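Here is the file coords.txt (compact mmCIF, N, CA and C atoms).
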# COMPACT_ATOMS: atom_id res chain seq x y z
N LEU X 111 -54.06 7.18 -38.39
CA LEU X 111 -54.45 8.24 -39.29
C LEU X 111 -55.52 7.77 -40.25
N GLY X 112 -55.33 6.61 -40.82
CA GLY X 112 -56.28 6.06 -41.76
C GLY X 112 -56.55 4.62 -41.42
N SER X 113 -57.33 3.99 -42.27
CA SER X 113 -57.65 2.60 -42.01
C SER X 113 -56.60 1.65 -42.58
N GLN X 114 -55.67 2.17 -43.38
CA GLN X 114 -54.64 1.30 -43.93
C GLN X 114 -53.56 1.03 -42.88
N VAL X 115 -53.20 -0.24 -42.74
CA VAL X 115 -52.20 -0.63 -41.77
C VAL X 115 -50.80 -0.53 -42.36
N GLY X 116 -50.69 -0.76 -43.66
CA GLY X 116 -49.38 -0.74 -44.30
C GLY X 116 -48.58 -1.99 -43.95
N ARG X 117 -47.34 -1.95 -44.32
CA ARG X 117 -46.45 -3.08 -44.07
C ARG X 117 -45.27 -2.62 -43.23
N PRO X 118 -44.67 -3.53 -42.46
CA PRO X 118 -43.52 -3.13 -41.64
C PRO X 118 -42.29 -2.88 -42.50
N VAL X 119 -41.49 -1.89 -42.10
CA VAL X 119 -40.22 -1.56 -42.73
C VAL X 119 -39.15 -1.71 -41.67
N TYR X 120 -38.10 -2.45 -41.99
CA TYR X 120 -37.00 -2.68 -41.06
C TYR X 120 -35.74 -2.04 -41.63
N LEU X 121 -35.05 -1.24 -40.82
CA LEU X 121 -33.78 -0.65 -41.22
C LEU X 121 -32.66 -1.37 -40.46
N TYR X 122 -31.63 -1.77 -41.20
CA TYR X 122 -30.55 -2.60 -40.67
C TYR X 122 -29.21 -1.88 -40.70
N ALA X 123 -28.42 -2.11 -39.66
CA ALA X 123 -27.01 -1.69 -39.63
C ALA X 123 -26.18 -2.97 -39.65
N PHE X 124 -24.90 -2.82 -40.07
CA PHE X 124 -24.05 -3.99 -40.28
C PHE X 124 -22.69 -3.82 -39.63
N GLU X 125 -22.24 -4.85 -38.97
CA GLU X 125 -20.89 -4.84 -38.41
C GLU X 125 -19.86 -4.90 -39.53
N ASP X 126 -20.15 -5.68 -40.58
CA ASP X 126 -19.23 -5.84 -41.69
C ASP X 126 -19.19 -4.62 -42.62
N PHE X 127 -20.23 -3.80 -42.59
CA PHE X 127 -20.33 -2.59 -43.42
C PHE X 127 -20.70 -1.42 -42.50
N PRO X 128 -19.76 -0.95 -41.68
CA PRO X 128 -20.10 0.02 -40.63
C PRO X 128 -20.54 1.38 -41.14
N ASP X 129 -20.32 1.68 -42.42
CA ASP X 129 -20.70 2.99 -42.95
C ASP X 129 -22.01 2.97 -43.72
N GLU X 130 -22.70 1.81 -43.76
CA GLU X 130 -23.90 1.67 -44.57
C GLU X 130 -25.06 1.10 -43.76
N PHE X 131 -26.26 1.35 -44.26
CA PHE X 131 -27.44 0.69 -43.74
C PHE X 131 -28.34 0.34 -44.91
N SER X 132 -29.30 -0.55 -44.64
CA SER X 132 -30.21 -1.00 -45.70
C SER X 132 -31.58 -1.25 -45.10
N ALA X 133 -32.51 -1.68 -45.94
CA ALA X 133 -33.89 -1.83 -45.49
C ALA X 133 -34.55 -3.04 -46.14
N THR X 134 -35.53 -3.58 -45.43
CA THR X 134 -36.41 -4.59 -46.01
C THR X 134 -37.85 -4.24 -45.62
N VAL X 135 -38.77 -4.79 -46.38
CA VAL X 135 -40.19 -4.63 -46.10
C VAL X 135 -40.75 -6.01 -45.81
N ASP X 136 -41.68 -6.09 -44.90
CA ASP X 136 -42.28 -7.35 -44.45
C ASP X 136 -41.28 -8.12 -43.62
N ASN X 137 -41.26 -9.43 -43.76
CA ASN X 137 -40.47 -10.26 -42.87
C ASN X 137 -39.18 -10.79 -43.48
N TYR X 138 -38.68 -10.17 -44.53
CA TYR X 138 -37.41 -10.63 -45.11
C TYR X 138 -36.27 -10.33 -44.15
N SER X 139 -35.32 -11.23 -44.09
CA SER X 139 -34.14 -10.98 -43.27
C SER X 139 -33.13 -10.20 -44.10
N CYS X 140 -32.04 -9.83 -43.46
CA CYS X 140 -31.03 -9.04 -44.18
C CYS X 140 -29.65 -9.52 -43.76
N GLY X 141 -29.31 -10.72 -44.15
CA GLY X 141 -27.99 -11.27 -43.83
C GLY X 141 -27.71 -11.19 -42.35
N ASN X 142 -26.53 -10.70 -42.00
CA ASN X 142 -26.19 -10.58 -40.58
C ASN X 142 -26.46 -9.18 -40.04
N GLY X 143 -27.31 -8.43 -40.74
CA GLY X 143 -27.66 -7.09 -40.28
C GLY X 143 -28.50 -7.13 -39.01
N GLN X 144 -28.37 -6.09 -38.22
CA GLN X 144 -29.14 -5.95 -36.98
C GLN X 144 -30.21 -4.88 -37.18
N VAL X 145 -31.45 -5.21 -36.84
CA VAL X 145 -32.54 -4.24 -36.95
C VAL X 145 -32.27 -3.08 -36.00
N VAL X 146 -32.24 -1.88 -36.55
CA VAL X 146 -31.97 -0.68 -35.77
C VAL X 146 -33.28 0.02 -35.42
N CYS X 147 -34.20 0.05 -36.39
CA CYS X 147 -35.50 0.67 -36.13
C CYS X 147 -36.54 0.05 -37.06
N THR X 148 -37.79 0.10 -36.61
CA THR X 148 -38.90 -0.48 -37.34
C THR X 148 -39.97 0.57 -37.54
N GLY X 149 -40.45 0.68 -38.77
CA GLY X 149 -41.50 1.63 -39.10
C GLY X 149 -42.56 0.97 -39.95
N ARG X 150 -43.29 1.79 -40.69
CA ARG X 150 -44.38 1.30 -41.54
C ARG X 150 -44.28 1.95 -42.91
N THR X 151 -44.99 1.37 -43.87
CA THR X 151 -45.03 1.94 -45.22
C THR X 151 -46.05 3.06 -45.35
N VAL X 152 -46.90 3.22 -44.36
CA VAL X 152 -47.90 4.29 -44.34
C VAL X 152 -47.79 5.04 -43.02
N PRO X 153 -48.21 6.31 -42.99
CA PRO X 153 -48.14 7.07 -41.74
C PRO X 153 -49.01 6.45 -40.65
N THR X 154 -48.52 6.52 -39.43
CA THR X 154 -49.28 6.09 -38.26
C THR X 154 -49.23 7.22 -37.24
N LEU X 155 -50.02 7.11 -36.20
CA LEU X 155 -50.02 8.11 -35.15
C LEU X 155 -48.61 8.22 -34.56
N ASN X 156 -48.12 9.41 -34.40
CA ASN X 156 -46.78 9.71 -33.85
C ASN X 156 -45.64 9.32 -34.78
N SER X 157 -45.90 9.06 -36.04
CA SER X 157 -44.80 8.75 -36.95
C SER X 157 -44.52 9.93 -37.87
N ARG X 158 -43.29 9.97 -38.38
CA ARG X 158 -42.87 11.01 -39.31
C ARG X 158 -42.23 10.32 -40.51
N PRO X 159 -42.25 10.96 -41.67
CA PRO X 159 -41.56 10.36 -42.81
C PRO X 159 -40.05 10.40 -42.55
N LEU X 160 -39.37 9.33 -42.93
CA LEU X 160 -37.92 9.27 -42.79
C LEU X 160 -37.34 9.22 -44.20
N TYR X 161 -36.51 10.21 -44.52
CA TYR X 161 -35.93 10.33 -45.85
C TYR X 161 -34.44 10.04 -45.81
N TYR X 162 -33.94 9.55 -46.93
CA TYR X 162 -32.50 9.53 -47.18
C TYR X 162 -32.30 10.54 -48.30
N ILE X 163 -31.64 11.64 -47.99
CA ILE X 163 -31.45 12.74 -48.94
C ILE X 163 -29.97 12.84 -49.27
N THR X 164 -29.67 12.99 -50.55
CA THR X 164 -28.29 13.19 -50.96
C THR X 164 -28.17 14.45 -51.81
N CYS X 165 -27.07 15.15 -51.61
CA CYS X 165 -26.68 16.29 -52.43
C CYS X 165 -25.22 16.06 -52.77
N GLY X 166 -24.97 15.56 -53.97
CA GLY X 166 -23.60 15.21 -54.32
C GLY X 166 -23.11 14.12 -53.39
N ASP X 167 -21.99 14.37 -52.69
CA ASP X 167 -21.42 13.39 -51.75
C ASP X 167 -21.96 13.53 -50.33
N THR X 168 -22.80 14.52 -50.10
CA THR X 168 -23.36 14.76 -48.77
C THR X 168 -24.69 14.04 -48.64
N SER X 169 -24.92 13.43 -47.47
CA SER X 169 -26.19 12.73 -47.27
C SER X 169 -26.77 13.06 -45.90
N TYR X 170 -28.05 12.77 -45.76
CA TYR X 170 -28.79 13.07 -44.53
C TYR X 170 -29.87 12.00 -44.37
N VAL X 171 -30.07 11.55 -43.14
CA VAL X 171 -31.16 10.64 -42.80
C VAL X 171 -32.01 11.33 -41.75
N GLY X 172 -33.28 11.57 -42.06
CA GLY X 172 -34.17 12.21 -41.10
C GLY X 172 -35.44 12.70 -41.76
N SER X 173 -36.20 13.49 -41.05
CA SER X 173 -37.50 13.94 -41.55
C SER X 173 -37.49 15.40 -42.03
N ASP X 174 -36.35 16.08 -41.92
CA ASP X 174 -36.27 17.48 -42.32
C ASP X 174 -35.90 17.59 -43.80
N VAL X 175 -36.88 17.91 -44.66
CA VAL X 175 -36.61 17.99 -46.10
C VAL X 175 -35.70 19.17 -46.45
N TYR X 176 -35.48 20.08 -45.53
CA TYR X 176 -34.62 21.25 -45.76
C TYR X 176 -33.21 21.06 -45.20
N ALA X 177 -32.88 19.89 -44.72
CA ALA X 177 -31.61 19.67 -44.02
C ALA X 177 -30.38 20.00 -44.86
N LEU X 178 -30.42 19.78 -46.15
CA LEU X 178 -29.25 20.02 -47.01
C LEU X 178 -29.40 21.25 -47.90
N THR X 179 -30.32 22.14 -47.53
CA THR X 179 -30.54 23.36 -48.32
C THR X 179 -29.96 24.56 -47.58
N GLN X 180 -29.89 25.69 -48.29
CA GLN X 180 -29.38 26.91 -47.68
C GLN X 180 -30.35 27.44 -46.65
N ASN X 181 -29.81 27.97 -45.56
CA ASN X 181 -30.63 28.66 -44.58
C ASN X 181 -30.94 30.05 -45.13
N GLY X 182 -32.06 30.57 -44.77
CA GLY X 182 -32.41 31.91 -45.21
C GLY X 182 -33.91 32.08 -45.19
N GLU X 183 -34.32 33.22 -45.71
CA GLU X 183 -35.74 33.55 -45.71
C GLU X 183 -36.55 32.57 -46.56
N TYR X 184 -36.01 32.22 -47.71
CA TYR X 184 -36.70 31.30 -48.61
C TYR X 184 -35.91 30.01 -48.69
N ARG X 185 -36.46 28.95 -48.17
CA ARG X 185 -35.78 27.66 -48.19
C ARG X 185 -36.32 26.84 -49.34
N ARG X 186 -35.42 26.25 -50.10
CA ARG X 186 -35.80 25.51 -51.29
C ARG X 186 -35.31 24.07 -51.17
N PRO X 187 -36.21 23.11 -50.94
CA PRO X 187 -35.76 21.72 -50.81
C PRO X 187 -35.25 21.13 -52.12
N TYR X 188 -35.45 21.83 -53.22
CA TYR X 188 -35.02 21.35 -54.54
C TYR X 188 -33.63 21.84 -54.91
N ALA X 189 -32.95 22.57 -54.03
CA ALA X 189 -31.62 23.10 -54.32
C ALA X 189 -30.66 22.72 -53.19
N CYS X 190 -29.52 22.17 -53.54
CA CYS X 190 -28.51 21.79 -52.55
C CYS X 190 -27.74 23.00 -52.06
N ASN X 191 -27.38 22.99 -50.79
CA ASN X 191 -26.63 24.06 -50.16
C ASN X 191 -25.22 24.16 -50.75
N ASN X 192 -24.86 25.35 -51.25
CA ASN X 192 -23.52 25.63 -51.78
C ASN X 192 -23.10 24.70 -52.93
N GLN X 193 -24.04 24.19 -53.67
CA GLN X 193 -23.72 23.32 -54.81
C GLN X 193 -24.60 23.74 -55.99
N ASP X 194 -24.18 24.78 -56.68
CA ASP X 194 -24.97 25.29 -57.80
C ASP X 194 -25.21 24.21 -58.84
N GLY X 195 -26.44 24.11 -59.29
CA GLY X 195 -26.80 23.16 -60.33
C GLY X 195 -26.98 21.73 -59.85
N VAL X 196 -26.80 21.48 -58.56
CA VAL X 196 -26.99 20.13 -58.02
C VAL X 196 -28.32 20.06 -57.32
N ASN X 197 -29.14 19.11 -57.72
CA ASN X 197 -30.43 18.91 -57.09
C ASN X 197 -30.36 17.70 -56.16
N PRO X 198 -31.02 17.78 -55.02
CA PRO X 198 -31.00 16.64 -54.10
C PRO X 198 -31.84 15.47 -54.62
N THR X 199 -31.51 14.29 -54.14
CA THR X 199 -32.36 13.13 -54.38
C THR X 199 -32.99 12.75 -53.04
N PHE X 200 -34.25 12.40 -53.08
CA PHE X 200 -35.00 12.03 -51.89
C PHE X 200 -35.45 10.58 -52.02
N GLU X 201 -35.20 9.78 -51.01
CA GLU X 201 -35.74 8.43 -50.94
C GLU X 201 -36.55 8.33 -49.65
N LEU X 202 -37.84 8.05 -49.78
CA LEU X 202 -38.68 7.86 -48.60
C LEU X 202 -38.45 6.45 -48.09
N LEU X 203 -37.91 6.33 -46.90
CA LEU X 203 -37.60 5.03 -46.32
C LEU X 203 -38.81 4.42 -45.62
N GLY X 204 -39.74 5.23 -45.19
CA GLY X 204 -40.93 4.77 -44.48
C GLY X 204 -41.32 5.80 -43.45
N TYR X 205 -42.20 5.41 -42.55
CA TYR X 205 -42.69 6.29 -41.49
C TYR X 205 -42.28 5.69 -40.16
N PHE X 206 -41.54 6.49 -39.37
CA PHE X 206 -40.96 6.02 -38.12
C PHE X 206 -41.22 7.05 -37.03
N GLU X 207 -41.14 6.60 -35.77
CA GLU X 207 -41.25 7.55 -34.66
C GLU X 207 -40.04 8.47 -34.69
N GLU X 208 -40.26 9.74 -34.43
CA GLU X 208 -39.20 10.74 -34.46
C GLU X 208 -38.05 10.32 -33.54
N GLY X 209 -36.84 10.32 -34.05
CA GLY X 209 -35.65 10.01 -33.27
C GLY X 209 -35.31 8.54 -33.18
N GLU X 210 -36.21 7.66 -33.57
CA GLU X 210 -35.96 6.22 -33.43
C GLU X 210 -34.77 5.75 -34.27
N CYS X 211 -34.53 6.40 -35.40
CA CYS X 211 -33.47 5.97 -36.33
C CYS X 211 -32.27 6.90 -36.32
N ASP X 212 -32.12 7.71 -35.28
CA ASP X 212 -31.03 8.70 -35.23
C ASP X 212 -29.65 8.07 -35.36
N VAL X 213 -29.49 6.82 -34.96
CA VAL X 213 -28.20 6.15 -35.04
C VAL X 213 -27.72 6.01 -36.49
N LEU X 214 -28.63 6.16 -37.44
CA LEU X 214 -28.29 6.01 -38.86
C LEU X 214 -27.86 7.32 -39.52
N GLN X 215 -27.92 8.43 -38.81
CA GLN X 215 -27.72 9.75 -39.41
C GLN X 215 -26.39 9.91 -40.14
N GLU X 216 -25.35 9.25 -39.73
CA GLU X 216 -24.03 9.40 -40.35
C GLU X 216 -23.75 8.32 -41.39
N LEU X 217 -24.69 7.42 -41.64
CA LEU X 217 -24.46 6.28 -42.54
C LEU X 217 -25.01 6.54 -43.94
N LYS X 218 -24.53 5.79 -44.89
CA LYS X 218 -25.01 5.85 -46.27
C LYS X 218 -26.01 4.72 -46.48
N TYR X 219 -27.10 5.03 -47.19
CA TYR X 219 -28.13 4.04 -47.47
C TYR X 219 -27.79 3.26 -48.73
N SER X 220 -27.92 1.96 -48.66
CA SER X 220 -27.75 1.10 -49.83
C SER X 220 -29.02 0.28 -50.01
N ASP X 221 -29.75 0.54 -51.10
CA ASP X 221 -30.97 -0.21 -51.33
C ASP X 221 -30.69 -1.62 -51.83
N LEU X 222 -29.45 -1.91 -52.19
CA LEU X 222 -29.10 -3.24 -52.69
C LEU X 222 -28.46 -4.14 -51.64
N LEU X 223 -28.00 -3.59 -50.54
CA LEU X 223 -27.23 -4.37 -49.58
C LEU X 223 -28.01 -5.57 -49.04
N CYS X 224 -29.25 -5.39 -48.64
CA CYS X 224 -30.01 -6.52 -48.11
C CYS X 224 -30.25 -7.59 -49.18
N SER X 225 -30.56 -7.18 -50.39
CA SER X 225 -30.81 -8.17 -51.44
C SER X 225 -29.54 -8.92 -51.81
N GLU X 226 -28.37 -8.31 -51.66
CA GLU X 226 -27.11 -8.99 -51.94
C GLU X 226 -26.74 -9.97 -50.85
N LEU X 227 -27.22 -9.77 -49.63
CA LEU X 227 -26.85 -10.61 -48.50
C LEU X 227 -27.85 -11.71 -48.20
N THR X 228 -29.01 -11.71 -48.86
CA THR X 228 -30.04 -12.69 -48.56
C THR X 228 -30.64 -13.23 -49.85
N ASP X 229 -31.71 -13.98 -49.69
CA ASP X 229 -32.40 -14.55 -50.85
C ASP X 229 -33.59 -13.72 -51.29
N ILE X 230 -33.59 -12.44 -50.95
CA ILE X 230 -34.67 -11.56 -51.39
C ILE X 230 -34.60 -11.45 -52.90
N PRO X 231 -35.71 -11.63 -53.60
CA PRO X 231 -35.68 -11.50 -55.05
C PRO X 231 -35.23 -10.10 -55.46
N SER X 232 -34.34 -10.03 -56.43
CA SER X 232 -33.84 -8.74 -56.87
C SER X 232 -34.83 -8.08 -57.81
N THR X 233 -34.73 -6.77 -57.92
CA THR X 233 -35.61 -6.02 -58.82
C THR X 233 -35.02 -5.87 -60.20
N ALA X 234 -33.74 -6.23 -60.33
CA ALA X 234 -33.07 -6.14 -61.64
C ALA X 234 -32.33 -7.45 -61.89
N PRO X 235 -32.09 -7.78 -63.14
CA PRO X 235 -31.35 -9.00 -63.43
C PRO X 235 -29.97 -8.97 -62.78
N THR X 236 -29.55 -10.09 -62.24
CA THR X 236 -28.25 -10.15 -61.59
C THR X 236 -27.20 -10.82 -62.47
N GLN X 237 -27.62 -11.47 -63.53
CA GLN X 237 -26.71 -12.13 -64.45
C GLN X 237 -27.16 -11.88 -65.88
N LEU X 238 -26.21 -11.89 -66.77
CA LEU X 238 -26.55 -11.81 -68.18
C LEU X 238 -27.03 -13.19 -68.64
N PRO X 239 -28.02 -13.24 -69.49
CA PRO X 239 -28.46 -14.54 -69.98
C PRO X 239 -27.34 -15.21 -70.77
N SER X 240 -27.33 -16.52 -70.70
CA SER X 240 -26.31 -17.23 -71.48
C SER X 240 -26.69 -17.17 -72.95
N SER X 241 -25.70 -17.18 -73.80
CA SER X 241 -25.98 -17.12 -75.23
C SER X 241 -25.67 -18.48 -75.85
N SER X 242 -26.44 -18.85 -76.80
CA SER X 242 -26.18 -20.10 -77.50
C SER X 242 -25.66 -19.76 -78.88
N GLU X 243 -24.61 -20.42 -79.23
CA GLU X 243 -24.04 -20.16 -80.56
C GLU X 243 -24.66 -21.11 -81.57
N LEU X 244 -24.95 -20.59 -82.74
CA LEU X 244 -25.56 -21.41 -83.80
C LEU X 244 -24.54 -22.03 -84.68
Will you turn the file into structure tokens for me?
Amino acid sequence: LGSQVGRPVYLYAFEDFPDEFSATVDNYSCGNGQVVCTGRTVPTLNSRPLYYITCGDTSYVGSDVYALTQNGEYRRPYACNNQDGVNPTFELLGYFEEGECDVLQELKYSDLLCSELTDIPSTAPTQLPSSSEL
């Protein structure tokens, strides 16, 4: 599509955490996770955006931004189906070939799982600083 190549995105499933999946960018490993699908950080030919969408306790993995909204004449991706006052959250996981990540559709996404299982630098402090008493 463009001249930008982007970076590889790897989505992992886990035997030890059968209800969750996680992701890394570039060549970081993810503990004992198995790569389920590989995409890019930018769109490529034949790729679609892959979202992790949540509405309360309901979640969806796929490219349909309307998946958790009400069916009808006017579809609103900003409103959750049958959950008044609840707005969905969208996480763009990357760009993948359509259907390549279908095995993840019933799983919950954890953005922390890979960083907890490997030496990937965390984005937030993991320990409180020690205090010195005067």
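Remark: for Tyr205 in chain X, the closest of the candidate residues X:Gly172, X:Cys147, X:Ser157, X:Asp136 is X:Ser157 (distances computed over only C-alpha atoms).
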Tell me, as a VMD selection string, which residues lie within 5 Å of Thr164 in chain X, counting only N, CA and C atoms; anything in the same chain fewer than 3 positions away does not count. chain X and resid 168 to 169 198 to 199
Write a file of the selected residues as a compact mmCIF listing (two decimals), in the coordinates of the input, keeping N, CA and C atoms.
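Generated file (part.txt):
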# COMPACT_ATOMS: atom_id res chain seq x y z
N THR X 168 -22.80 14.52 -50.10
CA THR X 168 -23.36 14.76 -48.77
C THR X 168 -24.69 14.04 -48.64
N SER X 169 -24.92 13.43 -47.47
CA SER X 169 -26.19 12.73 -47.27
C SER X 169 -26.77 13.06 -45.90
N PRO X 198 -31.02 17.78 -55.02
CA PRO X 198 -31.00 16.64 -54.10
C PRO X 198 -31.84 15.47 -54.62
N THR X 199 -31.51 14.29 -54.14
CA THR X 199 -32.36 13.13 -54.38
C THR X 199 -32.99 12.75 -53.04
Which of chain X counts as alpha helix (DSSP H) under DSSP, as a list of chain:residue names please? X:Leu223, X:Cys224, X:Ser225, X:Glu226, X:Leu227
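As for atom N of Arg150 in chain X and atom C of Arg185 in chain X, they are spaced 27.4 Å apart.
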Within 9 Å of Cys165 in chain X using only C-alpha atoms, minus same-chain residues under 2 positions, as a list of chain:residue names: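 That gives X:Ile163, X:Asp167, X:Thr168, X:Ser169, X:Tyr170, X:Leu178, X:Ala189, X:Cys190, X:Asn191, X:Gln193, X:Val196, X:Asn197, X:Pro198, X:Thr199.
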What residues have an atom no more than 6 Å from (-36.3, -0.1, -40.8) in the file's own frame, counting only C-alpha atoms, and can you write them as a list in words?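 With a cut-off of 6 Å, the residues come to Val119, Tyr120, Leu121, Ala133, Cys147, Thr148 and Gly149 of chain X.
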Those same residues - N, CA and C atoms - I'd like them written as a PDB file, in the frame of the given file.
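Ended up saving to out-v2.pdb:
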ATOM      1  N   VAL X 119     -41.490  -1.890 -42.100  1.00  0.00           N
ATOM      2  CA  VAL X 119     -40.220  -1.560 -42.730  1.00  0.00           C
ATOM      3  C   VAL X 119     -39.150  -1.710 -41.670  1.00  0.00           C
ATOM      4  N   TYR X 120     -38.100  -2.450 -41.990  1.00  0.00           N
ATOM      5  CA  TYR X 120     -37.000  -2.680 -41.060  1.00  0.00           C
ATOM      6  C   TYR X 120     -35.740  -2.040 -41.630  1.00  0.00           C
ATOM      7  N   LEU X 121     -35.050  -1.240 -40.820  1.00  0.00           N
ATOM      8  CA  LEU X 121     -33.780  -0.650 -41.220  1.00  0.00           C
ATOM      9  C   LEU X 121     -32.660  -1.370 -40.460  1.00  0.00           C
ATOM     10  N   ALA X 133     -32.510  -1.680 -45.940  1.00  0.00           N
ATOM     11  CA  ALA X 133     -33.890  -1.830 -45.490  1.00  0.00           C
ATOM     12  C   ALA X 133     -34.550  -3.040 -46.140  1.00  0.00           C
ATOM     13  N   CYS X 147     -34.200   0.050 -36.390  1.00  0.00           N
ATOM     14  CA  CYS X 147     -35.500   0.670 -36.130  1.00  0.00           C
ATOM     15  C   CYS X 147     -36.540   0.050 -37.060  1.00  0.00           C
ATOM     16  N   THR X 148     -37.790   0.100 -36.610  1.00  0.00           N
ATOM     17  CA  THR X 148     -38.900  -0.480 -37.340  1.00  0.00           C
ATOM     18  C   THR X 148     -39.970   0.570 -37.540  1.00  0.00           C
ATOM     19  N   GLY X 149     -40.450   0.680 -38.770  1.00  0.00           N
ATOM     20  CA  GLY X 149     -41.500   1.630 -39.100  1.00  0.00           C
ATOM     21  C   GLY X 149     -42.560   0.970 -39.950  1.00  0.00           C
TER      22      GLY X 149
END
Secondary structure check, strand (DSSP E or B) residues of range 140-175 of chain X, as a list in words: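 Going through range 140-175 of chain X, the strand (DSSP E or B) residues come out as Gln144, Val145, Val146, Cys147, Thr148, Gly149, Arg150, Ser157, Arg158, Pro159, Leu160, Tyr161, Tyr162, Ile163, Thr164, Cys165, Thr168, Ser169, Tyr170, Val171 and Gly172 of chain X.
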Could you please give me, as number ranges by chain, the residues of protein, DNA or RNA lying at most 6 Å from (-36.8, 9.7, -46.0) in the coordinate frame of the file, considering all atoms listed in the file? X: 159-163, 172, 201-204
Separation of CA of Arg186 in chain X and atom N of Pro153 in chain X, in Å?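 It comes out at 24.3 Å.
For the pair CA of Glu208 in chain X and atom N of Arg158 in chain X, the separation is 5.7 Å.
With all atoms listed in the file as the basis for measurement, X:Asn192 is the residue among X:Val152, X:Val115, X:Cys224, X:Asn192 that approaches Thr179 in chain X most closely.
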Minimum-distance residue to Pro128 in chain X, chosen among X:Val146, X:Leu223, X:Leu217, X:Ala177 (using all atoms listed in the file):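 Result for the nearest residue to Pro128 in chain X: X:Leu217.
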Take every atom of range 136-155 of chain X listed in the file, pad by 3 Å on each side, and give me the axis-aligned box centre and edge lengths in Å, one decimal, as AutoDock Vina command-line options.
--center_x -38.1 --center_y -1.5 --center_z -40.0 --size_x 29.8 --size_y 25.5 --size_z 16.8
Among the residues X:Leu155, X:Val135, X:Val171, X:Val145, the one that comes closest to Phe206 in chain X [using all atoms listed in the file]: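 Looking only at the distances to Phe206 in chain X, the closest residue turns out to be X:Leu155.
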Need to verify the contact set: Gly143 in chain X, 8 Å, all atoms listed in the file, exclusion of same-chain residues closer than 3 positions in sequence. Can you return it as a list in words?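 Selected residues are Leu121, Tyr122, Ala123, Phe124, Glu125, Asp126, Ser139, Cys140 and Val146 of chain X.
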Output for the residues just chosen: N, CA and C atoms as an mmCIF file, keeping the file's coordinate frame:
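Once written, again.cif looks like this:
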data_model
loop_
_atom_site.group_PDB
_atom_site.id
_atom_site.type_symbol
_atom_site.label_atom_id
_atom_site.label_comp_id
_atom_site.auth_asym_id
_atom_site.auth_seq_id
_atom_site.Cartn_x
_atom_site.Cartn_y
_atom_site.Cartn_z
ATOM 1 N N LEU X 121 -35.050 -1.240 -40.820
ATOM 2 C CA LEU X 121 -33.780 -0.650 -41.220
ATOM 3 C C LEU X 121 -32.660 -1.370 -40.460
ATOM 4 N N TYR X 122 -31.630 -1.770 -41.200
ATOM 5 C CA TYR X 122 -30.550 -2.600 -40.670
ATOM 6 C C TYR X 122 -29.210 -1.880 -40.700
ATOM 7 N N ALA X 123 -28.420 -2.110 -39.660
ATOM 8 C CA ALA X 123 -27.010 -1.690 -39.630
ATOM 9 C C ALA X 123 -26.180 -2.970 -39.650
ATOM 10 N N PHE X 124 -24.900 -2.820 -40.070
ATOM 11 C CA PHE X 124 -24.050 -3.990 -40.280
ATOM 12 C C PHE X 124 -22.690 -3.820 -39.630
ATOM 13 N N GLU X 125 -22.240 -4.850 -38.970
ATOM 14 C CA GLU X 125 -20.890 -4.840 -38.410
ATOM 15 C C GLU X 125 -19.860 -4.900 -39.530
ATOM 16 N N ASP X 126 -20.150 -5.680 -40.580
ATOM 17 C CA ASP X 126 -19.230 -5.840 -41.690
ATOM 18 C C ASP X 126 -19.190 -4.620 -42.620
ATOM 19 N N SER X 139 -35.320 -11.230 -44.090
ATOM 20 C CA SER X 139 -34.140 -10.980 -43.270
ATOM 21 C C SER X 139 -33.130 -10.200 -44.100
ATOM 22 N N CYS X 140 -32.040 -9.830 -43.460
ATOM 23 C CA CYS X 140 -31.030 -9.040 -44.180
ATOM 24 C C CYS X 140 -29.650 -9.520 -43.760
ATOM 25 N N VAL X 146 -32.240 -1.880 -36.550
ATOM 26 C CA VAL X 146 -31.970 -0.680 -35.770
ATOM 27 C C VAL X 146 -33.280 0.020 -35.420
#
